[in-house]
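Engineer: Can you keep this structure in mind? I'll have questions shortly.
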Amino acid sequence: MTTPTEQIQAQPAGKDVKQILAELSEKFPLCFSQSGEAKPLKIGIFQDLAQRLSEEDGISKTQIRHALRLYTSSWRYLAGVKVGVARVDLDGQAGDLIDEQQAAHAAETLEQSKAKAAEVRKAKAAAERAKHKEQQKDQAKAAPSDKAAYKKSPTNKASVAAKAAKLNSKPQTTEKVVQEQAVELIALNTATLKVGSVVQLKVGLKPVPATVLEVVKNDVVVQLASGMVIKTQGDKLFQA
């Protein structure tokens, strides 16, 4: 899933994100998991990890952000963010419950991620078909005497055309028109931002609620209601 405001950047040297998540699952098994249902994470889990991980763990704050971003954008995590489910801390202690707004945001993010994955699969399939077609043309040119054997019947052409039209048509389930209500946004002064402040992060055409985790000059790390951690710029944040 593509994260608004900031795309996932190249991973830092050393441990990769999957290795870090495996270590977190082993060190905090009541909080993180590598398979099955994922529990919603406590708001502020980033700071808890930064404090609990020692230098011997060899995991930087940047790597923690990458790992949390990948973990909280996974389909199984988003599917587990449901109304009434408790968020957990590193020791598995239950905390705040997921409300309707948080659950709706997670469901929307999951739907968009799946739709994008379907589009990628469709594009890949189209590229494979085009490549195969070019290979058939090259074979036909290399062996002119075999043209009759490679000639397709009208019925086969019609079948291929029908399949191509079906693949190129957009699934009905994703044809949804969303009418956005205009929202007046009030800019924030990043100099006044503090850890724990509740703000609005502009994502696409609409703002979503977020909690400030870290402020470094004009860079601000926030956590969305779904648990996703994002590093953004101060001009993308507005008063809640």
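Each chain in the structure tokens gets a letter, A, B and so on, in the order shown; residues start at 1 in every chain, and ligands are counted from 1 in the order they appear.
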As a tab-separated table (two decimals) with C-alpha atoms, in the first residue's frame, please: the residues near range 85-102 of chain A (cut-off 8 Å, only C-alpha atoms, same-chain neighbours under 4 positions excluded).
Structural biologist:
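Saved to result-v9.tsv:
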chain	number	residue	atom	x	y	z
A	28	PHE	CA	7.14	-8.90	22.04
A	30	LEU	CA	1.88	-10.55	22.90
A	31	CYS	CA	1.98	-7.44	20.72
A	32	PHE	CA	3.37	-8.41	17.29
A	39	LYS	CA	-3.86	-6.99	17.13
A	40	PRO	CA	-4.31	-3.19	16.80
A	41	LEU	CA	-1.31	-1.41	18.30
A	42	LYS	CA	-1.41	1.16	21.09
A	43	ILE	CA	-1.22	4.80	20.00
A	45	ILE	CA	3.85	2.32	20.34
A	48	ASP	CA	7.60	2.55	23.63
A	49	LEU	CA	9.72	0.61	21.14
A	81	VAL	CA	-8.94	-2.94	13.25
A	106	ALA	CA	-8.91	1.04	8.32
A	225	ALA	CA	-6.07	6.10	14.00
A	226	SER	CA	-5.40	2.78	12.24
Engineer: Show me, as a count of residues only, the residues that have an atom within 10 Å of range 70-80 of chain A when counting only C-alpha atoms, minus same-chain residues fewer than 6 positions from it.
Structural biologist: 33
Engineer: Where does DSSP see alpha helix (DSSP H) in range 42-240 of chain A, if you list the residues as a PyMOL selection string?
Structural biologist: chain A and resi 45-52+61-72+75-80+100-142+147-150+154-168
Engineer: List the spatial neighbours of Val220 in chain A as a ChimeraX atom specification - criterion: any atom at most 7 Å away, only C-alpha atoms, same-chain residues fewer than 3 positions off excluded.
Structural biologist: /A:214-216,231-234
Engineer: Residues of range 71-160 of chain A classed as strand (DSSP E) by DSSP on the backbone are to be reported as a list in words.
Structural biologist: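 Across range 71-160 of chain A, those assigned strand (DSSP E) are Ala86, Arg87, Val88, Ala94, Gly95, Asp96 and Leu97 of chain A.
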Engineer: Using the selection just defined, write its residues with N, CA and C atoms as a PDB file, in the first residue's frame.
Structural biologist:
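So again_11.pdb came out as:
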ATOM      1  N   ALA A  86      -9.684  -3.973  21.376  1.00  0.00           N
ATOM      2  CA  ALA A  86      -8.752  -3.195  22.207  1.00  0.00           C
ATOM      3  C   ALA A  86      -7.365  -3.139  21.564  1.00  0.00           C
ATOM      4  N   ARG A  87      -6.765  -1.978  21.635  1.00  0.00           N
ATOM      5  CA  ARG A  87      -5.366  -1.842  21.236  1.00  0.00           C
ATOM      6  C   ARG A  87      -4.486  -2.450  22.326  1.00  0.00           C
ATOM      7  N   VAL A  88      -3.298  -2.929  21.960  1.00  0.00           N
ATOM      8  CA  VAL A  88      -2.414  -3.544  22.948  1.00  0.00           C
ATOM      9  C   VAL A  88      -1.065  -2.836  22.976  1.00  0.00           C
ATOM     10  N   ALA A  94      -4.258  -4.653  27.304  1.00  0.00           N
ATOM     11  CA  ALA A  94      -5.314  -3.994  26.535  1.00  0.00           C
ATOM     12  C   ALA A  94      -5.420  -2.520  26.920  1.00  0.00           C
ATOM     13  N   GLY A  95      -5.697  -1.705  25.916  1.00  0.00           N
ATOM     14  CA  GLY A  95      -5.835  -0.267  26.150  1.00  0.00           C
ATOM     15  C   GLY A  95      -7.113   0.274  25.533  1.00  0.00           C
ATOM     16  N   ASP A  96      -7.010   1.389  24.820  1.00  0.00           N
ATOM     17  CA  ASP A  96      -8.174   2.022  24.219  1.00  0.00           C
ATOM     18  C   ASP A  96      -8.843   1.094  23.205  1.00  0.00           C
ATOM     19  N   LEU A  97     -10.157   1.251  23.069  1.00  0.00           N
ATOM     20  CA  LEU A  97     -10.917   0.455  22.108  1.00  0.00           C
ATOM     21  C   LEU A  97     -11.009   1.186  20.767  1.00  0.00           C
TER      22      LEU A  97
END
Engineer: Using only C-alpha atoms, determine which residues lie at most 10 Å from Pro207 in chain A, disregarding the query and same-chain residues fewer than 6 positions distant; provide the list as a short mmCIF file (atom, residue, chain, number, x, y, z; two decimals) with C-alpha atoms, in the first residue's frame.
Structural biologist:
data_model
loop_
_atom_site.label_atom_id
_atom_site.label_comp_id
_atom_site.auth_asym_id
_atom_site.auth_seq_id
_atom_site.Cartn_x
_atom_site.Cartn_y
_atom_site.Cartn_z
CA VAL A 183 -13.68 20.97 4.91
CA GLU A 184 -12.08 24.21 5.98
CA LEU A 185 -8.56 23.47 7.23
CA VAL A 199 -3.92 17.10 14.53
CA GLN A 200 -5.47 16.65 11.10
CA LEU A 201 -3.23 15.16 8.36
CA LYS A 236 0.54 18.90 5.72
CA LEU A 237 -0.84 19.22 9.27
CA PHE A 238 -3.84 21.27 10.36
CA ALA A 240 -8.01 19.14 14.69
#
Engineer: Hey, which of A:Asp235, A:Gly44, A:Leu205, A:Val212 ends up closest to Asn189 in chain A? Count only C-alpha atoms.
Structural biologist: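 Of A:Asp235, A:Gly44, A:Leu205, A:Val212, the one nearest Asn189 in chain A, counting only C-alpha atoms, is A:Asp235.
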